[in-house]
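Source file: coords-v6.cif (mmCIF, C-alpha atoms)
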```
data_coords
#
loop_
_atom_site.label_atom_id
_atom_site.label_comp_id
_atom_site.auth_asym_id
_atom_site.auth_seq_id
_atom_site.Cartn_x
_atom_site.Cartn_y
_atom_site.Cartn_z
CA MET A 1 -8.88 10.67 -0.17
CA MET A 2 -9.45 7.28 -1.71
CA LYS A 3 -10.17 6.70 -5.38
CA ARG A 4 -11.91 3.41 -5.02
CA ARG A 5 -13.58 1.37 -7.71
CA SER A 6 -13.48 -1.92 -5.89
CA SER A 7 -15.66 -3.65 -8.46
CA ILE A 8 -12.67 -3.56 -10.81
CA GLY A 9 -9.95 -3.84 -8.14
CA ILE A 10 -8.81 -0.21 -7.93
CA VAL A 11 -8.03 0.96 -4.40
CA ASP A 12 -5.81 4.00 -5.00
CA HIS A 13 -5.41 6.23 -1.98
CA GLU A 14 -3.62 9.32 -0.78
CA PHE A 15 -1.08 8.93 2.01
CA ILE A 16 -0.96 11.94 4.33
CA ASP A 17 1.98 12.58 6.65
CA PRO A 18 2.15 15.80 8.69
CA GLN A 19 5.89 16.14 8.11
CA GLU A 20 6.39 14.67 4.66
CA GLY A 21 3.21 15.89 2.99
CA ARG A 22 0.83 13.95 0.76
CA TRP A 23 1.32 11.55 -2.10
CA GLU A 24 -0.77 9.22 -4.21
CA VAL A 25 -0.44 5.48 -3.67
CA PRO A 26 -1.82 3.43 -6.57
CA ALA A 27 -3.07 0.01 -5.49
CA ARG A 28 -4.80 -2.88 -7.24
CA VAL A 29 -6.38 -6.19 -6.34
CA VAL A 30 -6.44 -8.78 -9.10
CA SER A 31 -7.68 -12.35 -9.31
CA ALA A 32 -5.14 -15.12 -9.75
CA ASP A 33 -6.53 -18.65 -9.86
CA ASN A 34 -8.41 -19.14 -6.57
CA ARG A 35 -6.82 -16.21 -4.76
CA SER A 36 -6.35 -12.46 -4.93
CA VAL A 37 -3.12 -10.54 -5.38
CA PHE A 38 -2.69 -7.07 -3.85
CA MET A 39 -0.25 -4.68 -5.52
CA MET A 40 0.79 -1.25 -4.33
CA THR A 41 3.26 1.22 -5.86
CA LEU A 42 5.24 3.33 -3.41
CA SER A 43 7.37 6.22 -4.67
CA LYS A 44 9.63 8.21 -2.37
CA PRO A 45 8.40 11.77 -1.91
CA GLU A 46 11.07 14.33 -2.82
CA ARG A 47 11.13 15.81 0.68
CA MET A 48 11.61 12.44 2.42
CA SER A 49 15.09 11.12 3.13
CA GLU A 50 16.08 7.76 1.69
CA GLN A 51 16.61 6.43 5.22
CA ASP A 52 13.08 7.43 6.30
CA PHE A 53 11.61 5.99 3.11
CA GLN A 54 13.36 2.64 3.63
CA ALA A 55 12.19 2.56 7.26
CA GLY A 56 8.64 3.24 6.09
CA LEU A 57 8.85 0.44 3.52
CA ALA A 58 9.95 -1.96 6.26
CA LEU A 59 6.89 -0.98 8.34
CA VAL A 60 4.56 -1.44 5.38
CA ASP A 61 6.09 -4.84 4.67
CA GLU A 62 5.60 -5.88 8.30
CA GLU A 63 1.97 -4.72 8.27
CA LEU A 64 1.22 -6.54 5.02
CA MET A 65 2.79 -9.76 6.30
CA THR A 66 0.65 -9.54 9.45
CA LEU A 67 -2.45 -9.01 7.32
CA LYS A 68 -1.49 -12.00 5.16
CA ARG A 69 -1.07 -14.24 8.21
CA VAL A 70 -4.45 -13.16 9.60
CA LEU A 71 -6.23 -13.72 6.30
CA GLU A 72 -4.63 -17.11 5.71
CA ALA A 73 -5.54 -18.27 9.22
CA GLU A 74 -9.25 -17.87 8.51
#
```
Please, can you express the file's structure as structure tokens?
Amino acid sequence: MMKRRSSIGIVDHEFIDPQEGRWEVPARVVSADNRSVFMMTLSKPERMSEQDFQAGLALVDEELMTLKRVLEAE
């Protein structure tokens, strides 16, 4: 489920994992000079191990860097 009010930069969503369950992921897009800044808050679910959480963060970081490269190439 996504709680989206894009007109004001809110793109909260629910992450669903079959093994770890569901959790809310607050996210915002804000203007900064002539660009936009994307912010996302990730909290480790209680049932997830620290090692799995850190591995997941590394994947998210990689995906966001790929997205950044694609967007900046346009």
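Counting from CA of Val11 (chain A), the distance to CA of Pro26 (chain A) is 7.0 Å.
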**Q.** Nearest-residue call for Asp17 (chain A), choices A:Leu42, A:Met48, A:Val29, A:Ala73, using all atoms listed in the file
**A.**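 For Asp17 (chain A), the nearest of the given residues is A:Met48.
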**Q.** Contacts of Arg22 (chain A) at 12 Å (all atoms listed in the file; same-chain gap of 3+ positions) as a count of residues only
**A.** 15
**Q.** CA of Arg28 (chain A) to CA of Ala55 (chain A), distance in Å rounded to a single decimal
**A.**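 CA of Ala55 (chain A) lies at a distance of 23.0 Å from CA of Arg28 (chain A).
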Q) Any idea what the distance is between CA of Val60 (chain A) and CA of Asp33 (chain A)? A)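 CA of Asp33 (chain A) lies 25.5 Å from CA of Val60 (chain A).
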(Q) So, with only C-alpha atoms as the atoms that count, which of A:Glu62, A:Asp12, A:Glu74, A:Glu20 lies closest to Phe38 (chain A)? (A)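 Among the listed residues, the smallest separation from Phe38 (chain A) belongs to A:Asp12.
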